[in-house]
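Okay, structure first, notes after.
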Amino acid sequence: MKQPLLSKEDDMRVEQLLSRMNLEQKIGQMTQTERMTVTPEEVKSFHLGSVLSGGGSAPGKNQPTDWLAMCDEYWASSMEEDSEHIAIPILYGVDAVHGHNNVRGATLFPHNIGLGAANDPELVFKISQATAREMLATGVNWTFDPALSVARDDKWGRTYESYSEDPEIVERFAPEAIHGLQKAGGVVACAKHWLGDGGTSHGLDQGNTVMSESELVALHMSPYLPAFDAGVLTVMASFSSWNDDKCHGHKYLITDKLKHELGFEGFVISDWDGIDYTTEDYSDAIKIALMAGIDMFMVSEKWKKFIALMHDLAVSGAVPMSRIDDAVRRILRVKIAAGLFEETKPSTRAKAYQRSFGDSDHRDIAREAVRKSLVLLKNEDAILPLNNESRILVTGKNAHDRGHQCGGWSVSWQGESGNDHIEGGSSVWEGIKAVAPNAILSEDGSDANSELHDVAIIVIGETPYAEGLGDIREGDDILVEAGSDINGLISPLDPYGSTLVLADLHPEDLKAIRKVTQLGIPAVVVLISGRPLVVEAELDESSAFVAAWLPGSEGQGIADVIFGEYDFEGRLSFSWPKNATDNFNRGDDDYTPRFKYGFGLNYRDDADQAQSHLTSTEHAPEYRNAG
Ligand code: GLC
């Protein structure tokens, strides 16, 4: 039996506070806006409940001290009680989705798709707790994480934010993430995006999820149940639609299902101007979303207009005060449950966490996660593990690019190229160089020489993207299919490409491999990507092939396994396609992917097989289990 969110005494505190609040203060509490559009003084004068940083929105030089100064200012304004303003501490929200990833120098963990392959719930807890610590070191107390998306089509630009195509792993990870962030970490978590964000047709971001309620429940709702049991305090509505109805205006999904049937006691926040896509008229959009059950509104810029229109709706009786009171009550309950009213200003609280920001303990956890996330898809003649004394040519566009290995949501919203933005950590090349004295980096492969090199490690794959900008769209016709009124239903961003076939998407990668293999140098290929891709041509040219996903700042974890200090443990949490048109998911009737869900090779198996052919005097190399 789940404990009630608050004690009776705290429930009384909420009612007393609510009874003191006037309409402006209530509407202000329901408003969240972006730091670039609001001053600390306005947080007080408009009684705002929350401020956020959109992806990459950072103060000053984007150092922890800049964040602390900013959070102190907003907090102090929210707490400055006078005749006009009641002291209610703000929540400062960010997308800390693979570490405190907006901030320079933060530890960046593998994105969720890699954690799904690692399939280690305890690791998810440790990562979430470390992320919370690094957030609190900068004064931030709310993250829009974990995404409980079950990504069913690899063409979706947010596939890498999903742990798996199958709810089984997501169900197991959800409570670990919530406990790591909230219970152990001391920040507020947010399960997102409610509901069915990963199930849209063609994987179109913000598109339309077409399925029965029983399918929606089984595939996309099931991971939320353990999240609720773990006490997640907030839920974010999805931009997408369910059977053509926008989730942001879906009273059945948000109020009847989430709040009443499932008994969710926290509050529901809209996504970034997500209410705008419920209908053309803004006042109507506010009313639709409020009456559907949205409690806090993420309004990126026009928040003063939002407040004015909500005020008019309330005063005119177009929306009942009972719904406004219910929304504010939920917000206050969350703030009390999170202990915000007992907190001193962020910088005093941060002192306990300063040392941990980007420190070696956290980076060790990230490095362990990298190791465990790697999936070995091919290992011809057991070429791996490599001997670290070998003469190794390291090449490929992603060999020495910490930005690319971190992917989207890394210092900036869309992610970066190069190494400057990602302070600390190691690129794949830097990890190899640290253990292989005879390795050289040749970014364009021009140094390849069969006389000089025993083997090549070629790091290929995608460049960073986030959200719709990562979509693969085979044609614009699918935009029309997603909704008759494109302006009203989705905000399509330009796609990343039009095919999942890597040789077409990034032809430079196959060229880089062939530049080496045509000289007779065997190729160990490492794929940096936010999703499975069709890699038949690249696989054929490779002696070994490793899916590394988006490993984050600690690229050294790849060398740890390539040279055999640790064995591969990763298993696919997504089915791997063979043809451009494939879209297999675990449990499909006709299931013939290139590699099945759960596939992954390792050295132990190879060694066991090798063992059976070795003479008794020899023995298979010992591999320390990945710790
Ligand atoms: C974005 C994303 C959501 C994120 C929010 C705030 O559009 O859909 O996942 O939490 O805006 O950055």
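By convention here, the chains of the structure tokens are called A, B, ... in the order presented, each chain's residues are numbered starting at 1, and ligands are numbered starting at 1 in the order presented.
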Which residues are near ligand 1 - at most 6 Å, using only C-alpha atoms and all ligand atoms? Format: as a list of chain:residue names. A:Gly54, A:Gly55, A:Asp95, A:Phe144, A:Asp271, A:Trp272
Contacts of A:Ala456 at 9 Å (only C-alpha atoms; same-chain gap of 4+ positions) as a PDB file with N, CA, C and O atoms, in the first residue's frame:
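This is the output file around-v9.pdb:
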```
ATOM      1  N   ARG A 391      50.301  -2.379 -32.772  1.00  0.00           N
ATOM      2  CA  ARG A 391      50.459  -1.098 -33.512  1.00  0.00           C
ATOM      3  C   ARG A 391      49.079  -0.771 -34.086  1.00  0.00           C
ATOM      4  O   ARG A 391      48.612  -1.420 -35.020  1.00  0.00           O
ATOM      5  N   ILE A 392      48.421   0.179 -33.443  1.00  0.00           N
ATOM      6  CA  ILE A 392      46.997   0.435 -33.722  1.00  0.00           C
ATOM      7  C   ILE A 392      46.821   1.777 -34.400  1.00  0.00           C
ATOM      8  O   ILE A 392      47.316   2.793 -33.928  1.00  0.00           O
ATOM      9  N   LEU A 393      46.065   1.762 -35.502  1.00  0.00           N
ATOM     10  CA  LEU A 393      45.663   3.026 -36.139  1.00  0.00           C
ATOM     11  C   LEU A 393      44.249   3.339 -35.671  1.00  0.00           C
ATOM     12  O   LEU A 393      43.352   2.503 -35.813  1.00  0.00           O
ATOM     13  N   VAL A 394      44.060   4.502 -35.091  1.00  0.00           N
ATOM     14  CA  VAL A 394      42.720   4.901 -34.631  1.00  0.00           C
ATOM     15  C   VAL A 394      42.226   5.983 -35.587  1.00  0.00           C
ATOM     16  O   VAL A 394      42.926   6.971 -35.839  1.00  0.00           O
ATOM     17  N   THR A 395      41.052   5.793 -36.146  1.00  0.00           N
ATOM     18  CA  THR A 395      40.514   6.765 -37.113  1.00  0.00           C
ATOM     19  C   THR A 395      38.995   6.778 -37.059  1.00  0.00           C
ATOM     20  O   THR A 395      38.391   6.121 -36.224  1.00  0.00           O
ATOM     21  N   ALA A 448      47.221   5.277 -42.700  1.00  0.00           N
ATOM     22  CA  ALA A 448      47.080   3.804 -42.685  1.00  0.00           C
ATOM     23  C   ALA A 448      48.179   3.168 -43.527  1.00  0.00           C
ATOM     24  O   ALA A 448      48.433   3.576 -44.656  1.00  0.00           O
ATOM     25  N   ILE A 513      36.279   2.992 -43.273  1.00  0.00           N
ATOM     26  CA  ILE A 513      36.582   1.576 -43.012  1.00  0.00           C
ATOM     27  C   ILE A 513      37.349   0.981 -44.197  1.00  0.00           C
ATOM     28  O   ILE A 513      38.389   0.337 -44.034  1.00  0.00           O
ATOM     29  N   VAL A 516      41.020   1.468 -44.830  1.00  0.00           N
ATOM     30  CA  VAL A 516      41.914   0.647 -44.006  1.00  0.00           C
ATOM     31  C   VAL A 516      41.899  -0.806 -44.490  1.00  0.00           C
ATOM     32  O   VAL A 516      42.938  -1.416 -44.744  1.00  0.00           O
ATOM     33  N   THR A 517      40.705  -1.337 -44.699  1.00  0.00           N
ATOM     34  CA  THR A 517      40.617  -2.780 -45.036  1.00  0.00           C
ATOM     35  C   THR A 517      41.216  -3.065 -46.405  1.00  0.00           C
ATOM     36  O   THR A 517      41.755  -4.142 -46.637  1.00  0.00           O
ATOM     37  N   ILE A 521      44.428  -4.211 -43.551  1.00  0.00           N
ATOM     38  CA  ILE A 521      44.484  -4.026 -42.085  1.00  0.00           C
ATOM     39  C   ILE A 521      43.108  -4.383 -41.508  1.00  0.00           C
ATOM     40  O   ILE A 521      42.101  -3.814 -41.968  1.00  0.00           O
ATOM     41  N   PRO A 522      43.019  -5.298 -40.544  1.00  0.00           N
ATOM     42  CA  PRO A 522      41.702  -5.643 -39.988  1.00  0.00           C
ATOM     43  C   PRO A 522      41.077  -4.462 -39.253  1.00  0.00           C
ATOM     44  O   PRO A 522      41.787  -3.673 -38.622  1.00  0.00           O
ATOM     45  N   ALA A 523      39.760  -4.363 -39.332  1.00  0.00           N
ATOM     46  CA  ALA A 523      39.043  -3.209 -38.764  1.00  0.00           C
ATOM     47  C   ALA A 523      38.193  -3.618 -37.582  1.00  0.00           C
ATOM     48  O   ALA A 523      37.351  -4.512 -37.680  1.00  0.00           O
ATOM     49  N   VAL A 524      38.432  -2.930 -36.449  1.00  0.00           N
ATOM     50  CA  VAL A 524      37.539  -3.015 -35.288  1.00  0.00           C
ATOM     51  C   VAL A 524      36.698  -1.748 -35.327  1.00  0.00           C
ATOM     52  O   VAL A 524      37.229  -0.647 -35.206  1.00  0.00           O
ATOM     53  N   VAL A 525      35.406  -1.904 -35.575  1.00  0.00           N
ATOM     54  CA  VAL A 525      34.535  -0.727 -35.746  1.00  0.00           C
ATOM     55  C   VAL A 525      33.739  -0.471 -34.471  1.00  0.00           C
ATOM     56  O   VAL A 525      33.180  -1.400 -33.878  1.00  0.00           O
TER      57      VAL A 525
END
```
Using 7 Å as the limit and counting only C-alpha atoms, can you tabulate each residue of stretch 539-607 of chain A that touches stretch 152-172 of chain A, with its shortest atom-to-atom distance in Å and the two atoms involved, as CSV?
```
residue,atom,partner,partner_atom,distance
A:Ser573,CA,A:Ser164,CA,5.0
A:Phe574,CA,A:Glu165,CA,5.5
A:Asn583,CA,A:Asp153,CA,6.2
A:Asn585,CA,A:Glu165,CA,6.5
A:Arg586,CA,A:Asp166,CA,6.7
```
Residues within 9 Å of A:Gly180, please, as a PDB file with N, CA, C and O atoms, in the first residue's frame. Count only C-alpha atoms; anything in the same chain fewer than 5 positions from it doesn't count.
```
ATOM      1  N   VAL A 124      21.536   2.304 -12.522  1.00  0.00           N
ATOM      2  CA  VAL A 124      20.611   3.413 -12.794  1.00  0.00           C
ATOM      3  C   VAL A 124      20.390   4.202 -11.503  1.00  0.00           C
ATOM      4  O   VAL A 124      20.375   5.440 -11.492  1.00  0.00           O
ATOM      5  N   PHE A 125      20.269   3.497 -10.390  1.00  0.00           N
ATOM      6  CA  PHE A 125      20.137   4.181  -9.092  1.00  0.00           C
ATOM      7  C   PHE A 125      21.363   5.042  -8.812  1.00  0.00           C
ATOM      8  O   PHE A 125      21.259   6.234  -8.490  1.00  0.00           O
ATOM      9  N   LYS A 126      22.556   4.464  -8.993  1.00  0.00           N
ATOM     10  CA  LYS A 126      23.796   5.194  -8.703  1.00  0.00           C
ATOM     11  C   LYS A 126      23.945   6.428  -9.596  1.00  0.00           C
ATOM     12  O   LYS A 126      24.355   7.493  -9.146  1.00  0.00           O
ATOM     13  N   ILE A 127      23.612   6.248 -10.867  1.00  0.00           N
ATOM     14  CA  ILE A 127      23.709   7.376 -11.805  1.00  0.00           C
ATOM     15  C   ILE A 127      22.734   8.479 -11.412  1.00  0.00           C
ATOM     16  O   ILE A 127      23.072   9.673 -11.401  1.00  0.00           O
ATOM     17  N   SER A 128      21.512   8.086 -11.053  1.00  0.00           N
ATOM     18  CA  SER A 128      20.495   9.084 -10.686  1.00  0.00           C
ATOM     19  C   SER A 128      20.910   9.836  -9.429  1.00  0.00           C
ATOM     20  O   SER A 128      20.777  11.058  -9.327  1.00  0.00           O
ATOM     21  N   GLN A 129      21.449   9.115  -8.457  1.00  0.00           N
ATOM     22  CA  GLN A 129      21.890   9.753  -7.218  1.00  0.00           C
ATOM     23  C   GLN A 129      23.045  10.720  -7.495  1.00  0.00           C
ATOM     24  O   GLN A 129      23.052  11.857  -7.001  1.00  0.00           O
ATOM     25  N   ALA A 130      23.983  10.290  -8.316  1.00  0.00           N
ATOM     26  CA  ALA A 130      25.118  11.169  -8.650  1.00  0.00           C
ATOM     27  C   ALA A 130      24.634  12.411  -9.396  1.00  0.00           C
ATOM     28  O   ALA A 130      25.087  13.529  -9.154  1.00  0.00           O
ATOM     29  N   THR A 131      23.669  12.219 -10.273  1.00  0.00           N
ATOM     30  CA  THR A 131      23.110  13.356 -11.022  1.00  0.00           C
ATOM     31  C   THR A 131      22.450  14.349 -10.066  1.00  0.00           C
ATOM     32  O   THR A 131      22.643  15.563 -10.173  1.00  0.00           O
ATOM     33  N   ALA A 132      21.705  13.820  -9.099  1.00  0.00           N
ATOM     34  CA  ALA A 132      21.048  14.694  -8.126  1.00  0.00           C
ATOM     35  C   ALA A 132      22.091  15.505  -7.353  1.00  0.00           C
ATOM     36  O   ALA A 132      21.925  16.705  -7.117  1.00  0.00           O
ATOM     37  N   PRO A 175      11.664   2.805 -10.928  1.00  0.00           N
ATOM     38  CA  PRO A 175      11.775   3.074  -9.482  1.00  0.00           C
ATOM     39  C   PRO A 175      13.210   3.390  -9.060  1.00  0.00           C
ATOM     40  O   PRO A 175      13.433   4.189  -8.147  1.00  0.00           O
ATOM     41  N   GLY A 185      18.643  11.208  -3.603  1.00  0.00           N
ATOM     42  CA  GLY A 185      19.312  12.389  -4.163  1.00  0.00           C
ATOM     43  C   GLY A 185      18.805  13.711  -3.630  1.00  0.00           C
ATOM     44  O   GLY A 185      19.519  14.705  -3.636  1.00  0.00           O
ATOM     45  N   GLY A 186      17.516  13.750  -3.236  1.00  0.00           N
ATOM     46  CA  GLY A 186      17.005  15.000  -2.653  1.00  0.00           C
ATOM     47  C   GLY A 186      16.542  16.031  -3.659  1.00  0.00           C
ATOM     48  O   GLY A 186      16.414  17.211  -3.345  1.00  0.00           O
TER      49      GLY A 186
END
```
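Reported to one decimal place, the separation of atom CA of A:Ala117 from atom CA of A:Val375 is 7.2 Å.
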Find the spatial neighbours of A:Gln206, counting only C-alpha atoms, within a cut-off of 12 Å - ignore same-chain residues fewer than 3 positions away - and output them as a PyMOL selection string. chain A and resi 156-158+193-203+209+237-242+244-248+271-272+274+277+467-469+471+479+482-483+486+488-493
Just write the chosen residues, C-alpha atoms, as an mmCIF file, in the first residue's frame.
```cif
data_model
loop_
_atom_site.group_PDB
_atom_site.id
_atom_site.type_symbol
_atom_site.label_atom_id
_atom_site.label_comp_id
_atom_site.auth_asym_id
_atom_site.auth_seq_id
_atom_site.Cartn_x
_atom_site.Cartn_y
_atom_site.Cartn_z
ATOM 1 C CA TRP A 156 12.316 8.638 -33.649
ATOM 2 C CA GLY A 157 14.841 11.346 -32.831
ATOM 3 C CA ARG A 158 14.425 10.598 -29.110
ATOM 4 C CA HIS A 193 6.068 12.010 -21.421
ATOM 5 C CA TRP A 194 2.547 11.019 -20.568
ATOM 6 C CA LEU A 195 1.466 9.152 -22.623
ATOM 7 C CA GLY A 196 2.753 7.079 -25.506
ATOM 8 C CA ASP A 197 5.506 9.454 -26.698
ATOM 9 C CA GLY A 198 7.559 6.541 -28.086
ATOM 10 C CA GLY A 199 4.727 4.932 -29.983
ATOM 11 C CA THR A 200 3.981 7.431 -32.748
ATOM 12 C CA SER A 201 3.478 6.356 -36.349
ATOM 13 C CA HIS A 202 6.793 6.374 -38.279
ATOM 14 C CA GLY A 203 8.526 7.431 -35.047
ATOM 15 C CA THR A 209 0.202 7.152 -31.442
ATOM 16 C CA ALA A 237 2.474 15.594 -20.547
ATOM 17 C CA SER A 238 3.492 14.432 -24.010
ATOM 18 C CA PHE A 239 3.490 16.581 -27.153
ATOM 19 C CA SER A 240 2.206 13.553 -29.043
ATOM 20 C CA SER A 241 -1.401 12.552 -29.673
ATOM 21 C CA TRP A 242 -3.256 9.359 -28.892
ATOM 22 C CA ASP A 244 -5.476 11.983 -33.023
ATOM 23 C CA ASP A 245 -6.226 13.604 -29.656
ATOM 24 C CA LYS A 246 -3.412 15.749 -28.229
ATOM 25 C CA CYS A 247 -2.176 14.453 -24.891
ATOM 26 C CA HIS A 248 -1.953 18.024 -23.574
ATOM 27 C CA ASP A 271 5.816 20.354 -22.033
ATOM 28 C CA TRP A 272 7.496 23.403 -23.674
ATOM 29 C CA GLY A 274 2.812 22.126 -25.389
ATOM 30 C CA TYR A 277 -0.875 22.723 -30.065
ATOM 31 C CA GLU A 467 14.030 15.672 -30.360
ATOM 32 C CA GLY A 468 12.505 16.138 -33.814
ATOM 33 C CA LEU A 469 15.824 17.228 -35.283
ATOM 34 C CA ASP A 471 13.942 12.119 -36.642
ATOM 35 C CA LEU A 479 3.803 14.903 -41.760
ATOM 36 C CA ALA A 482 0.323 12.856 -38.612
ATOM 37 C CA GLY A 483 -2.366 15.476 -38.477
ATOM 38 C CA ILE A 486 0.018 20.604 -39.174
ATOM 39 C CA GLY A 488 -2.194 22.894 -34.815
ATOM 40 C CA LEU A 489 -1.061 19.398 -34.123
ATOM 41 C CA ILE A 490 2.723 19.187 -34.331
ATOM 42 C CA SER A 491 5.701 21.460 -34.645
ATOM 43 C CA PRO A 492 7.846 19.404 -37.053
ATOM 44 C CA LEU A 493 11.547 20.225 -36.847
#
```
Taking only C-alpha atoms into account, which of A:Ile457, A:Met211, A:Ser53, A:Gly425 comes nearest A:Arg363? A:Gly425
Any idea what's packed within 12 Å of stretch 430-439 of chain A, counting only C-alpha atoms, ignoring anything in its chain fewer than 4 positions away? Could you give it as number ranges by chain? A: 367, 370, 386-395, 398-402, 419, 424-426, 447-448, 452-459, 553-565
According to DSSP computed on the backbone, where in stretch 29-243 of chain A is there helix (DSSP H, G or I)? Give the residues as a ChimeraX atom specification. /A:29,35-37,40-45,64-78,112-118,121-136,159-161,167-183,197-199,201-203,213-221,224-229
Write out as a list of chain:residue names the set of residues from stretch 276-333 of chain A that DSSP, computed on the backbone, places in strand (DSSP E or B).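 Secondary structure check on stretch 276-333 of chain A, strand (DSSP E or B): A:Met296, A:Phe297, A:Met298, A:Val299.
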Each residue of stretch 397-506 of chain A with at least one atom at most 12 Å from stretch 106-109 of chain A should appear once, together with its nearest atom pair and the corresponding distance in Å (one decimal); atoms considered: only C-alpha atoms; ordering: chain, then increasing residue number; output as CSV.
```
residue,atom,partner,partner_atom,distance
A:Arg402,CA,A:Leu108,CA,10.2
A:Gly403,CA,A:Leu108,CA,10.6
A:Gln405,CA,A:Leu108,CA,10.0
A:Cys406,CA,A:Leu108,CA,7.1
A:Gly407,CA,A:Leu108,CA,10.1
A:Gly408,CA,A:Leu108,CA,11.1
A:Trp409,CA,A:Leu108,CA,9.8
A:Ser410,CA,A:Leu108,CA,7.7
A:Val411,CA,A:Ala106,CA,9.0
A:Gly415,CA,A:Leu108,CA,11.9
A:His421,CA,A:Ala106,CA,10.7
A:Ile422,CA,A:Ala106,CA,8.3
A:Glu423,CA,A:Ala106,CA,7.6
A:Gly424,CA,A:Thr107,CA,7.9
A:Gly425,CA,A:Thr107,CA,7.7
A:Ser426,CA,A:Leu108,CA,10.9
```
A:Tyr566, A:Trp303, A:Trp413, A:Tyr591 ranked by distance to A:Lys372, top pick (using only C-alpha atoms):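 Among A:Tyr566, A:Trp303, A:Trp413, A:Tyr591, it is A:Tyr566 that comes nearest to A:Lys372.
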How far is it from atom CA of A:Glu34 to atom CA of A:Lys304, in Å with one decimal? 12.2 Å
If you measure from atom CA of A:His250 to atom CA of A:His47, what distance in Å do you get, rounded to one decimal?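 About the pair atom CA of A:His250 and atom CA of A:His47: they are 27.6 Å apart.
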Excluding stretch 284-286 of chain A and its own-chain neighbours fewer than 4 positions away, which residues fall within 8 Å of it when counting only C-alpha atoms? Please give them as a PyMOL selection string. chain A and resi 275-280+290+306+309-310
Could you write out the selected residues, including C-alpha atoms, as an mmCIF file, in the first residue's frame?
```
data_model
loop_
_atom_site.group_PDB
_atom_site.id
_atom_site.type_symbol
_atom_site.label_atom_id
_atom_site.label_comp_id
_atom_site.auth_asym_id
_atom_site.auth_seq_id
_atom_site.Cartn_x
_atom_site.Cartn_y
_atom_site.Cartn_z
ATOM 1 C CA ILE A 275 -0.647 23.562 -24.717
ATOM 2 C CA ASP A 276 -0.302 25.754 -27.838
ATOM 3 C CA TYR A 277 -0.875 22.723 -30.065
ATOM 4 C CA THR A 278 -4.262 21.795 -28.620
ATOM 5 C CA THR A 279 -6.051 24.522 -30.582
ATOM 6 C CA GLU A 280 -5.454 27.791 -32.433
ATOM 7 C CA LEU A 290 -6.318 23.205 -17.506
ATOM 8 C CA PHE A 306 -0.719 33.269 -20.134
ATOM 9 C CA LEU A 309 -5.698 34.980 -19.962
ATOM 10 C CA MET A 310 -5.887 32.481 -17.109
#
```
